[in-house]
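run09.txt follows; it contains compact mmCIF, C-alpha atoms and all ligand atoms.
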# COMPACT_ATOMS: atom_id res chain seq x y z
CA MET A 1 95.69 231.05 115.17
CA GLY A 2 96.86 229.87 111.80
CA PHE A 3 99.82 227.57 111.44
CA ASP A 4 101.27 227.91 114.93
CA LEU A 5 102.92 224.52 114.74
CA ALA A 6 105.40 225.20 117.53
CA THR A 7 102.61 225.67 120.08
CA ASP A 8 100.90 222.46 119.00
CA LEU A 9 104.17 220.53 119.19
CA ALA A 10 104.96 221.92 122.64
CA ALA A 11 101.51 220.87 123.86
CA ARG A 12 102.08 217.41 122.49
CA ARG A 13 105.38 217.17 124.31
CA ARG A 14 103.78 218.26 127.60
CA GLN A 15 101.21 215.50 127.22
CA HIS A 16 104.03 212.93 126.84
CA ARG A 17 102.68 212.28 123.35
CA LEU A 18 105.52 213.49 121.19
CA ARG A 19 106.55 210.70 118.82
CA GLN A 20 110.13 210.40 117.70
CA PRO A 21 111.80 207.87 115.43
CA LEU A 22 114.89 206.16 116.78
CA VAL A 23 117.81 205.88 114.40
CA MET A 24 118.70 202.22 114.30
CA ASP A 25 122.33 201.47 113.47
CA GLY A 26 121.88 197.84 112.56
CA PRO A 27 119.43 195.29 111.11
CA CYS A 28 116.24 194.12 112.78
CA GLY A 29 116.83 190.94 114.74
CA ARG A 30 117.18 189.57 118.23
CA HIS A 31 119.24 192.64 118.96
CA ALA A 32 118.80 196.24 117.96
CA CYS A 33 121.76 198.57 117.67
CA LEU A 34 121.39 202.21 118.71
CA GLN A 35 124.24 204.69 118.99
CA GLY A 36 126.80 201.94 119.19
CA GLN A 37 124.96 200.11 121.95
CA GLN A 38 123.23 196.73 121.67
CA PHE A 39 119.71 196.20 122.99
CA LEU A 40 117.53 193.13 123.15
CA ASN A 41 114.76 194.03 120.73
CA PHE A 42 111.25 193.33 122.02
CA CYS A 43 109.29 195.63 119.75
CA SER A 44 109.62 194.50 116.15
CA ASN A 45 106.94 192.67 114.16
CA ASP A 46 109.50 190.27 112.73
CA TYR A 47 107.79 187.40 114.52
CA LEU A 48 109.51 184.56 112.69
CA GLY A 49 112.97 186.13 112.56
CA LEU A 50 112.94 186.23 108.75
CA ALA A 51 113.79 189.91 108.20
CA ASN A 52 117.48 189.19 108.51
CA ASP A 53 117.55 185.57 107.37
CA PRO A 54 120.59 184.68 105.21
CA GLU A 55 118.55 182.87 102.53
CA VAL A 56 116.04 185.70 102.28
CA ILE A 57 118.88 188.21 102.00
CA ALA A 58 120.55 186.12 99.29
CA ALA A 59 117.29 185.96 97.30
CA PHE A 60 116.98 189.73 97.56
CA GLN A 61 120.58 190.29 96.44
CA ASN A 62 120.34 187.89 93.52
CA ALA A 63 117.10 189.42 92.33
CA ALA A 64 118.50 192.94 92.61
CA ARG A 65 121.37 191.83 90.38
CA GLU A 66 118.96 190.34 87.86
CA TRP A 67 116.10 192.86 87.97
CA GLY A 68 117.75 196.02 89.19
CA VAL A 69 116.42 198.00 92.12
CA GLY A 70 113.42 199.97 90.89
CA SER A 71 110.49 198.35 89.09
CA GLY A 72 110.28 201.52 87.00
CA ALA A 73 106.51 201.87 86.79
CA SER A 74 103.17 200.90 88.23
CA HIS A 75 101.88 197.34 87.79
CA LEU A 76 99.54 198.33 84.96
CA VAL A 77 102.20 200.15 82.96
CA CYS A 78 105.37 198.05 82.88
CA GLY A 79 106.30 197.56 86.57
CA HIS A 80 104.73 194.09 86.97
CA GLN A 81 107.75 191.82 86.62
CA ARG A 82 108.02 188.03 86.72
CA PRO A 83 108.84 187.86 90.48
CA HIS A 84 105.67 189.89 91.24
CA GLN A 85 103.59 187.46 89.19
CA ASP A 86 105.25 184.43 90.81
CA LEU A 87 104.64 185.85 94.28
CA GLU A 88 100.98 186.59 93.57
CA GLU A 89 100.51 183.01 92.40
CA ALA A 90 102.34 181.62 95.43
CA LEU A 91 100.26 183.76 97.81
CA ALA A 92 97.03 182.66 96.15
CA ALA A 93 98.02 179.00 96.47
CA HIS A 94 99.21 179.47 100.06
CA THR A 95 95.95 181.09 101.14
CA GLY A 96 93.69 178.74 99.16
CA ARG A 97 92.32 181.52 96.96
CA GLN A 98 91.78 181.91 93.22
CA ARG A 99 93.95 185.01 92.99
CA ALA A 100 96.10 187.43 94.97
CA LEU A 101 97.18 190.99 94.23
CA LEU A 102 100.25 192.79 95.56
CA PHE A 103 100.12 196.27 97.07
CA SER A 104 103.14 198.34 98.03
CA THR A 105 102.01 198.62 101.66
CA GLY A 106 99.30 197.24 103.89
CA TYR A 107 98.01 200.72 104.52
CA MET A 108 97.46 201.18 100.81
CA ALA A 109 95.87 197.74 100.43
CA ASN A 110 93.21 198.58 103.00
CA MET A 111 92.51 202.00 101.53
CA GLY A 112 92.36 200.51 98.04
CA VAL A 113 90.03 197.61 98.81
CA MET A 114 87.44 199.63 100.66
CA SER A 115 87.36 202.51 98.22
CA ALA A 116 87.13 200.11 95.27
CA LEU A 117 84.22 198.14 96.73
CA LEU A 118 82.22 200.72 98.66
CA GLY A 119 80.65 204.11 98.11
CA LYS A 120 77.58 206.13 98.92
CA GLY A 121 74.65 203.89 99.78
CA ASP A 122 76.93 201.18 101.19
CA ALA A 123 77.95 200.54 104.78
CA VAL A 124 81.13 199.39 106.49
CA PHE A 125 81.15 197.82 109.97
CA GLU A 126 84.40 197.96 111.89
CA ASP A 127 85.67 196.79 115.25
CA ARG A 128 86.49 199.93 117.20
CA LEU A 129 90.05 198.71 117.79
CA ASN A 130 90.73 198.09 114.10
CA HIS A 131 94.06 199.27 112.72
CA ALA A 132 94.20 202.92 111.61
CA SER A 133 94.47 201.92 107.95
CA LEU A 134 91.15 200.04 108.15
CA LEU A 135 89.43 202.94 109.85
CA ASP A 136 90.86 205.39 107.33
CA GLY A 137 89.91 203.09 104.45
CA GLY A 138 86.35 202.92 105.69
CA LEU A 139 86.12 206.69 106.08
CA LEU A 140 87.69 207.36 102.67
CA SER A 141 85.29 204.99 100.93
CA GLY A 142 82.32 207.28 101.48
CA ALA A 143 80.23 204.39 102.81
CA ARG A 144 78.21 204.76 106.00
CA PHE A 145 80.72 204.09 108.77
CA ARG A 146 79.70 202.04 111.81
CA ARG A 147 81.93 200.89 114.66
CA PHE A 148 81.07 198.05 117.00
CA ALA A 149 82.45 197.13 120.43
CA HIS A 150 85.69 195.19 120.37
CA ASN A 151 85.22 191.52 119.43
CA ASP A 152 81.46 191.79 120.03
CA ALA A 153 79.69 189.64 117.44
CA ASP A 154 76.26 190.34 118.98
CA ALA A 155 76.73 194.10 118.66
CA LEU A 156 77.80 193.59 115.06
CA THR A 157 74.78 191.39 114.33
CA ARG A 158 72.41 194.05 115.66
CA GLN A 159 74.02 196.72 113.48
CA LEU A 160 73.84 194.48 110.42
CA GLN A 161 70.17 193.67 111.03
CA ARG A 162 69.30 197.36 111.17
CA SER A 163 71.21 198.28 108.02
CA GLU A 164 69.51 198.79 104.70
CA ALA A 165 72.69 199.52 102.81
CA ARG A 166 73.24 198.15 99.32
CA ARG A 167 76.60 196.54 100.13
CA LYS A 168 77.55 195.69 103.71
CA LEU A 169 81.20 195.02 104.50
CA VAL A 170 82.36 193.79 107.90
CA VAL A 171 86.02 194.48 108.57
CA ALA A 172 88.25 193.30 111.42
CA ASP A 173 91.85 192.65 112.29
CA GLY A 174 92.45 188.89 112.55
CA VAL A 175 94.91 189.56 115.38
CA PHE A 176 94.66 193.00 117.01
CA SER A 177 97.91 194.83 116.58
CA MET A 178 98.02 196.58 119.96
CA ASP A 179 96.27 193.90 122.07
CA GLY A 180 97.32 190.61 120.48
CA ASP A 181 93.90 189.02 120.86
CA GLU A 182 92.00 187.39 117.99
CA ALA A 183 88.69 188.29 116.37
CA PRO A 184 85.79 185.78 116.74
CA LEU A 185 85.76 185.11 113.02
CA SER A 186 83.29 182.27 112.83
CA ALA A 187 80.68 184.34 114.69
CA TYR A 188 81.37 187.18 112.26
CA ALA A 189 81.04 184.85 109.26
CA GLU A 190 77.70 183.68 110.61
CA ALA A 191 76.48 187.26 111.10
CA CYS A 192 77.57 188.13 107.56
CA GLU A 193 75.88 185.09 106.03
CA ALA A 194 72.62 185.84 107.84
CA ASN A 195 72.64 189.48 106.71
CA ASP A 196 73.96 189.38 103.17
CA ALA A 197 77.25 191.00 104.13
CA TRP A 198 80.84 190.31 103.15
CA LEU A 199 83.68 189.70 105.61
CA MET A 200 87.14 191.23 105.21
CA VAL A 201 89.98 190.23 107.54
CA ASP A 202 93.25 192.14 107.89
CA ASP A 203 95.66 189.42 108.98
CA ALA A 204 98.82 191.53 109.22
CA HIS A 205 99.74 189.82 112.51
CA GLY A 206 98.40 186.34 111.75
CA ILE A 207 100.12 185.55 108.46
CA GLY A 208 103.17 183.36 109.12
CA VAL A 209 102.34 183.09 112.80
CA LEU A 210 99.03 181.23 113.16
CA ASP A 211 98.04 177.80 111.74
CA ASP A 212 100.44 174.88 111.28
CA LYS A 213 101.55 176.20 107.89
CA GLY A 214 101.45 179.85 108.86
CA ARG A 215 98.39 180.56 106.76
CA GLY A 216 97.03 182.80 109.46
CA SER A 217 93.81 183.45 111.34
CA LEU A 218 91.40 182.21 108.66
CA PHE A 219 92.90 178.73 108.66
CA ALA A 220 93.50 178.72 112.42
CA GLN A 221 89.80 179.48 112.93
CA GLY A 222 88.53 177.37 110.02
CA VAL A 223 86.77 180.24 108.21
CA ASN A 224 88.78 180.57 105.02
CA GLU A 225 85.90 179.61 102.73
CA ARG A 226 83.56 181.96 104.56
CA THR A 227 85.74 185.07 104.34
CA GLN A 228 85.48 186.88 101.03
CA ILE A 229 88.49 189.19 101.44
CA LEU A 230 91.84 188.43 103.04
CA MET A 231 94.42 191.19 103.41
CA GLY A 232 97.89 190.20 104.59
CA THR A 233 101.11 192.12 105.00
CA LEU A 234 104.59 190.99 104.04
CA GLY A 235 106.51 193.25 106.43
CA LYS A 236 105.65 191.44 109.66
CA GLY A 237 105.78 187.64 109.97
CA LEU A 238 107.20 187.28 106.46
CA GLY A 239 110.01 189.71 107.19
CA THR A 240 110.05 191.76 103.96
CA ALA A 241 107.74 194.64 102.92
CA GLY A 242 104.46 195.19 101.12
CA ALA A 243 101.07 193.52 101.25
CA PHE A 244 98.56 191.44 99.34
CA VAL A 245 94.85 190.92 99.01
CA ALA A 246 93.59 187.42 98.23
CA GLY A 247 90.15 186.34 97.09
CA SER A 248 88.06 185.37 94.11
CA HIS A 249 88.93 186.07 90.50
CA GLU A 250 86.17 188.72 90.39
CA LEU A 251 87.44 190.44 93.53
CA ILE A 252 90.97 190.74 92.20
CA GLU A 253 89.77 191.90 88.75
CA THR A 254 87.68 194.56 90.48
CA LEU A 255 90.67 195.77 92.50
CA ILE A 256 92.83 195.95 89.38
CA GLN A 257 90.20 198.18 87.76
CA PHE A 258 89.18 200.34 90.72
CA ALA A 259 91.69 200.27 93.61
CA ARG A 260 93.43 203.62 93.21
CA THR A 261 96.23 202.76 95.65
CA PHE A 262 97.07 199.82 93.38
CA ILE A 263 96.73 201.66 90.07
CA TYR A 264 98.50 204.93 90.80
CA THR A 265 101.66 203.80 92.51
CA THR A 266 105.01 202.26 91.57
CA ALA A 267 105.22 198.49 91.90
CA MET A 268 107.39 197.29 94.78
CA PRO A 269 110.92 196.33 93.72
CA ALA A 270 111.03 192.87 92.14
CA ALA A 271 113.77 191.98 94.61
CA VAL A 272 111.30 192.42 97.47
CA ALA A 273 108.93 190.01 95.73
CA ALA A 274 111.74 187.52 95.11
CA ALA A 275 112.86 187.69 98.74
CA THR A 276 109.26 187.22 99.87
CA LEU A 277 108.93 184.08 97.74
CA VAL A 278 111.73 182.59 99.83
CA SER A 279 110.46 183.87 103.18
CA LEU A 280 106.95 182.62 102.35
CA GLU A 281 108.31 179.15 101.67
CA LYS A 282 110.32 179.23 104.89
CA SER A 283 107.27 180.40 106.81
CA ARG A 284 105.35 177.38 105.48
CA GLN A 285 108.02 174.83 106.20
CA ASP A 286 109.83 176.03 109.29
CA ASN A 287 107.40 174.88 111.90
CA TRP A 288 110.20 175.13 114.44
CA ARG A 289 109.88 178.91 114.26
CA ARG A 290 106.24 178.78 115.37
CA GLU A 291 107.00 176.14 117.99
CA LYS A 292 109.85 178.18 119.41
CA LEU A 293 107.64 181.24 119.44
CA ALA A 294 104.88 179.38 121.29
CA ALA A 295 107.35 178.29 123.97
CA LEU A 296 108.63 181.87 124.37
CA ILE A 297 105.07 183.21 124.62
CA ALA A 298 104.17 180.66 127.30
CA ARG A 299 107.33 181.43 129.25
CA PHE A 300 106.75 185.17 129.11
CA ARG A 301 103.11 184.93 130.14
CA ALA A 302 103.79 182.60 133.03
CA GLY A 303 106.59 184.84 134.32
CA ALA A 304 104.59 188.04 133.91
CA VAL A 305 101.49 186.66 135.63
CA GLU A 306 103.63 185.33 138.47
CA ARG A 307 104.92 188.89 138.99
CA GLY A 308 101.43 190.37 138.96
CA TYR A 309 101.50 192.30 135.68
CA THR A 310 98.33 192.97 133.74
CA LEU A 311 98.57 191.10 130.44
CA MET A 312 96.02 191.04 127.65
CA ALA A 313 94.06 187.98 126.58
CA SER A 314 96.62 187.17 123.91
CA GLN A 315 98.03 183.87 122.71
CA THR A 316 100.02 185.56 119.97
CA PRO A 317 103.53 187.05 119.94
CA ILE A 318 101.99 190.45 120.80
CA GLN A 319 102.10 190.49 124.62
CA PRO A 320 101.42 194.04 125.81
CA ILE A 321 101.71 195.01 129.46
CA LEU A 322 98.96 197.46 130.32
CA ILE A 323 100.32 200.46 132.24
CA GLY A 324 97.64 203.17 132.07
CA SER A 325 99.12 206.65 132.04
CA ASP A 326 101.25 207.90 129.18
CA ALA A 327 103.92 209.23 131.55
CA ASP A 328 104.27 205.89 133.38
CA ALA A 329 104.50 203.95 130.14
CA MET A 330 107.19 206.33 128.87
CA ALA A 331 109.12 206.14 132.16
CA LEU A 332 109.06 202.36 132.14
CA SER A 333 110.15 202.20 128.53
CA SER A 334 113.14 204.45 129.20
CA ALA A 335 114.11 202.60 132.39
CA LEU A 336 114.13 199.38 130.37
CA ARG A 337 116.20 201.09 127.69
CA GLU A 338 118.82 201.89 130.33
CA LYS A 339 118.98 198.22 131.17
CA GLY A 340 119.47 197.23 127.53
CA PHE A 341 115.92 196.41 126.40
CA LEU A 342 114.15 198.13 123.54
CA ILE A 343 110.37 198.18 124.04
CA THR A 344 108.28 201.10 122.83
CA ALA A 345 105.49 202.65 124.87
CA ILE A 346 102.25 202.77 122.88
CA ARG A 347 100.10 205.79 123.70
CA PRO A 348 96.81 207.30 122.54
CA PRO A 349 95.52 207.78 119.92
CA THR A 350 97.01 204.44 118.85
CA VAL A 351 95.30 202.95 121.94
CA PRO A 352 92.35 204.35 123.96
CA GLU A 353 92.89 207.08 126.58
CA GLY A 354 94.24 205.73 129.88
CA GLU A 355 95.41 202.48 128.26
CA ALA A 356 99.02 203.29 127.46
CA ARG A 357 101.06 200.12 127.38
CA LEU A 358 104.39 198.53 126.71
CA ARG A 359 103.89 196.55 123.56
CA VAL A 360 106.18 193.58 124.09
CA THR A 361 106.55 191.44 121.00
CA LEU A 362 108.28 188.09 120.86
CA SER A 363 110.13 186.59 117.92
CA ALA A 364 111.55 183.23 116.94
CA ALA A 365 114.85 185.15 116.86
CA HIS A 366 114.73 185.33 120.68
CA GLU A 367 116.07 182.76 123.11
CA GLN A 368 114.46 181.68 126.38
CA ALA A 369 117.24 183.44 128.29
CA ASP A 370 116.20 186.71 126.62
CA VAL A 371 112.68 186.35 127.96
CA ASP A 372 114.01 185.56 131.43
CA ALA A 373 116.26 188.61 131.29
CA LEU A 374 113.34 190.79 130.24
CA LEU A 375 111.19 189.53 133.11
CA ALA A 376 113.99 190.20 135.60
CA ALA A 377 114.54 193.72 134.24
CA LEU A 378 110.81 194.47 134.32
CA GLU A 379 110.68 193.47 137.95
CA GLN A 380 113.31 196.07 138.80
CA CYS A 381 111.93 198.77 136.54
CA VAL A 382 108.27 198.68 137.62
CA ARG A 383 109.44 199.83 141.05
CA ILE A 384 109.95 203.31 139.61
CA LEU A 385 106.23 203.70 138.94
CA PRO A 386 104.26 205.77 141.50
CA ASP A 387 101.76 203.09 142.55
CA ALA A 388 104.08 200.08 142.29
C1 LIG B 1 101.04 197.05 110.05
C2 LIG B 1 99.60 196.94 109.76
C3 LIG B 1 99.05 197.41 108.57
C4 LIG B 1 99.86 198.23 107.59
O1 LIG B 1 100.73 197.44 106.88
P1 LIG B 1 102.02 198.14 106.24
O2 LIG B 1 102.46 197.18 105.20
O3 LIG B 1 102.99 198.30 107.35
O4 LIG B 1 101.56 199.45 105.67
C5 LIG B 1 97.72 197.18 108.31
N1 LIG B 1 96.96 196.52 109.21
C6 LIG B 1 97.43 196.07 110.37
C7 LIG B 1 96.53 195.35 111.32
C8 LIG B 1 98.77 196.28 110.69
O5 LIG B 1 99.25 195.88 111.86
Encoded form (structure tokens):
Amino acid sequence: MGFDLATDLAARRRQHRLRQPLVMDGPCGRHACLQGQQFLNFCSNDYLGLANDPEVIAAFQNAAREWGVGSGASHLVCGHQRPHQDLEEALAAHTGRQRALLFSTGYMANMGVMSALLGKGDAVFEDRLNHASLLDGGLLSGARFRRFAHNDADALTRQLQRSEARRKLVVADGVFSMDGDEAPLSAYAEACEANDAWLMVDDAHGIGVLDDKGRGSLFAQGVNERTQILMGTLGKGLGTAGAFVAGSHELIETLIQFARTFIYTTAMPAAVAAATLVSLEKSRQDNWRREKLAALIARFRAGAVERGYTLMASQTPIQPILIGSDADAMALSSALREKGFLITAIRPPTVPEGEARLRVTLSAAHEQADVDALLAALEQCVRILPDA
């Protein structure tokens, strides 16, 4: 009864669900440093290897010298500095939109957009595997909350047809964060057009990675003009931190007026914006990063399939290996750690019950030999599992 936190924590530990942060003793890159030991890092979202890029670091350092560290206030008071404005304009141009608006995190961007646009009498339609921040944003908005089966455009269409809501917003990840597969966006756009709904895509894992200029899922799938709201994060492919929403002039004006997670929070440091301007430009121009990544993905998939592992239908750098039980996923993750590989086990409620997995992510910072080493280590480690 009451706040018996110790009992709840002990239960969580028994279920193999206790979550614990690792203390990293070095930057995010090809390697991760933990307690003086080096690991090959196969769990970051730094897909293009930009988080620790010398030019991005230099831009950050120079801007910190010029602008200081803290922005000092929210965007609408006096925290919106020149680098923020420049980055918003660059993101709008990059994504082919009239305007873009910065948020301090992707989580806040999703909460802010949905609560600014939706309320009682409206409805939000979400893929059941959407990121937690999209689900929370939908719930917080007060709109009627509907979930549809993963990547099922027909199920979505049926829900839309039945809805009599004032505003209908369809929301999906462009690339699913724990599966790596991509949403069928042109089928969604069609369903939205036929049912007077808007489409919002969270492209946290597509920006920088997909399309020949790294413009993400909307360009890769040819639906940019048909998607009213694009949310992208800066802390994954672009290697920095923060997020943006891009869309029409009216959309951005509305968010400035009504998105509480934009209004009531301190603007990100200008140095983060300045560093992102450089990483954005590199993400556009450095096609070699995407080409290298594609070769690593192909090599990993071929090797994993050859060894009989269950992969997901993913062409992206997110290449999870489905394990099943929480305990097995944890055991495999720690066996790999002993061999020098850092790969986190992802457990419920982040993924559905019985679908614990090793979320392997690849990066342009990796070399082919790293992938080969991972495959060889996996082969030895899976032997520890009961039904291997
Ligand atoms: C990481 C992530 C977010 C949250 O972005 P942050 O900037 O890390 O808060 C939102 N949506 C998806 C799909 C993500 O993977």
Have a look at A:Ser283, A:Gln81, A:Thr266, A:Asn130 and name the one nearest to ligand LIG 1 (chain B); count all atoms listed in the file.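 Looking at the shortest contact to ligand LIG 1 (chain B), the residue is A:Asn130.
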Within 12 Å of (110.5, 199.4, 132.4) (coordinates as in the file), grab all the protein and nucleic acid residues, counting only C-alpha atoms, and write them out as a VMD selection string. chain A and resid 309 321 to 323 327 to 345 357 to 360 374 to 385 388
Could you give me the residues within 10 Å of ligand LIG 1 (chain B), counting all atoms listed in the file, as a PyMOL selection string? chain A and resi 45+103-111+129-135+172-178+201-206+231-236+240-244
Of A:Arg99, A:Arg147, A:Arg299, A:Arg166, the one nearest to Gly247 of chain A when counting all atoms listed in the file is A:Arg99
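Residues with at least one atom no more than 10 Å from (120.8, 198.4, 118.4), using all atoms listed in the file, are A:Leu22, A:Val23, A:Met24, A:Asp25, A:Gly26, A:Pro27, A:Cys28, A:Gly29, A:Arg30, A:His31, A:Ala32, A:Cys33, A:Leu34, A:Gln35, A:Gly36, A:Gln37, A:Gln38, A:Phe39, A:Leu40, A:Asn41, A:Gly340, A:Phe341, A:Leu342.
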The distance between atom CA of Arg290 of chain A and atom CA of Thr227 of chain A is 24.1 Å
One-decimal distance in Å that lies between atom CA of Thr350 of chain A and atom CA of Leu118 of chain A: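 Taking atom CA of Leu118 of chain A and atom CA of Thr350 of chain A, their separation equals 25.3 Å.
Here atom CA of Met312 of chain A stands at a distance of 11.1 Å from atom CA of Glu182 of chain A.
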Would you tabulate, counting all atoms listed in the file, all residues of segment 271-353 of chain A that have an atom at most 10 Å from an atom of segment 84-97 of chain A, showing the closest pair of atoms and their distance in Å to one decimal, sorted by chain then ascending number, as JSON lines?
{"residue": "A:Ala271", "atom": "CA", "partner": "A:His84", "partner_atom": "CA", "distance": 9.0}
{"residue": "A:Val272", "atom": "CA", "partner": "A:His84", "partner_atom": "CA", "distance": 8.8}
{"residue": "A:Ala273", "atom": "CA", "partner": "A:His84", "partner_atom": "CA", "distance": 5.5}
{"residue": "A:Ala274", "atom": "CA", "partner": "A:Leu87", "partner_atom": "CA", "distance": 7.3}
{"residue": "A:Ala275", "atom": "CA", "partner": "A:Leu87", "partner_atom": "CA", "distance": 9.5}
{"residue": "A:Thr276", "atom": "CA", "partner": "A:Leu87", "partner_atom": "CA", "distance": 7.4}
{"residue": "A:Leu277", "atom": "CA", "partner": "A:Leu87", "partner_atom": "CA", "distance": 5.8}
{"residue": "A:Val278", "atom": "CA", "partner": "A:Leu87", "partner_atom": "CA", "distance": 9.6}
{"residue": "A:Leu280", "atom": "CA", "partner": "A:Leu91", "partner_atom": "CA", "distance": 8.2}
{"residue": "A:Glu281", "atom": "CA", "partner": "A:Ala90", "partner_atom": "CA", "distance": 9.0}
{"residue": "A:Arg284", "atom": "CA", "partner": "A:His94", "partner_atom": "CA", "distance": 8.5}
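Among the candidates A:Pro386, A:Pro21, A:Pro83, A:Gly214, the one nearest to Asp286 of chain A when counting all atoms listed in the file is A:Gly214.
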Hey, which of A:Ser44, A:Gln98, A:Gln20, A:Gln228 ends up closest to Ala364 of chain A? Count all atoms listed in the file.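 Under the stated criterion, the closest residue is A:Ser44.
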Give the answer as one residue: which of A:Gly308, A:Gly112, A:Gly121, A:Pro54 has the shortest atom-to-atom distance to Thr261 of chain A, using only C-alpha atoms?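 Smallest distance to Thr261 of chain A is found for A:Gly112.
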